[in-house]
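Working notes, beginning with the structure itself.
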Amino acid sequence: MAIENISVIFGENLGFVRSFFKLLELSSPAADYFAFCDQDDIWKPHKISRAVAFLSRSPREMPALYCSRRVVVDENLKALGYSDIPVKGLSFSNALVECPAPGCTQVSNRAARHLMLSELPRYAFGHDWWNYLVTSALGMITYDDEPGILYRKHGSNTIGTAFGTIDAGRIKIRRFRRYGRLRLVTKQAEEFRRIYGPLLAEEQRRVLDRFLESRKGFWERVRYAWGCEVYRQSTPDHFILKLLIVLDRL
């Protein structure tokens, strides 16, 4: 089958996140839908059609983001299992501290692209996390339990699904050692407030302000963590979130 309308763009190395933002900028503003694609994953034939079917239920002027579950496979495409379903639901309070909507499953509508490109962040932990954060605050998120891709897990993966308790634990410890002192999640939230703060609904603004302002002192962080309104999907991860807030390592 012939594949047409593919453009190859050569340029400088912008890094992982900036490369995706640049490609989004270069994409056609006349297109109705936009999808991120990682080079080592395999899309199922129905991925785009299901995404469009879900997204078409939203008003065209409403920023909307589709994401789905993944089949985790090895290098030979042997199925290892499935990614977790975000049982607590996708929301702004989740997006501030976690991204259970990886870019390889994301499809956005034109309004979401326009919102994203209104001002690109000076810092974002990930292009997909930023997309989830922005759209959850100012648009609509749809999660599909039906897997849309085969997520290939191999030794060179640096970001993605941790499959298995031991594997997940090792990845989390490694990330904490690397990023724990940098407060990267807080930095991303501060950048989000700078760009989109004036557009937020009152309750979302309060959630964001409490997340950023209630952690200036130790006891303030303890009180905030005790009644934590932001959340991660799994119970162990949510407990770790509370601990990181108290330690000011988020």
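Residues are referred to by chain and number: the chain letter is A, B, ... according to the order shown in the structure tokens, the number counts from 1 in that chain, and ligands are numbered separately from 1 in the order shown.
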Members of stretch 19-174 of chain A assigned alpha helix (DSSP H) by DSSP, as a VMD selection string: chain A and resid 19 to 26 47 to 55 92 to 95 110 to 117 127 to 138 165 to 174
Counting only C-alpha atoms, which residues of stretch 183-205 of chain A fall within 8 Å of stretch 135-156 of chain A, and what is the closest atom pair for each with its distance in Å at one decimal, ordered by chain and rising number, as JSON lines?
{"residue": "A:Leu199", "atom": "CA", "partner": "A:Leu138", "partner_atom": "CA", "distance": 7.8}
{"residue": "A:Leu200", "atom": "CA", "partner": "A:Ala137", "partner_atom": "CA", "distance": 7.0}
{"residue": "A:Gln204", "atom": "CA", "partner": "A:Ala137", "partner_atom": "CA", "distance": 7.3}
Residues from the last selection, C-alpha atoms, saved as a PDB file, in the first residue's frame:
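This is the output file out_26.pdb:
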ATOM      1  CA  LEU A 199      -8.136  31.669  31.765  1.00  0.00           C
ATOM      2  CA  LEU A 200      -8.896  29.217  34.587  1.00  0.00           C
ATOM      3  CA  GLN A 204      -9.286  25.372  39.142  1.00  0.00           C
TER       4      GLN A 204
END
Which distance in Å separates atom CA of A:Gln39 and atom CA of A:Asn5, to one decimal?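 Taking atom CA of A:Gln39 and atom CA of A:Asn5, their separation equals 17.7 Å.
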Straight-line distance linking atom CA of A:Ile240 with atom CA of A:Arg69, stated in Å to one decimal: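 Atom CA of A:Ile240 sits 23.6 Å away from atom CA of A:Arg69.
Note that atom CA of A:Leu243 and atom CA of A:Arg70 are 29.0 Å apart.
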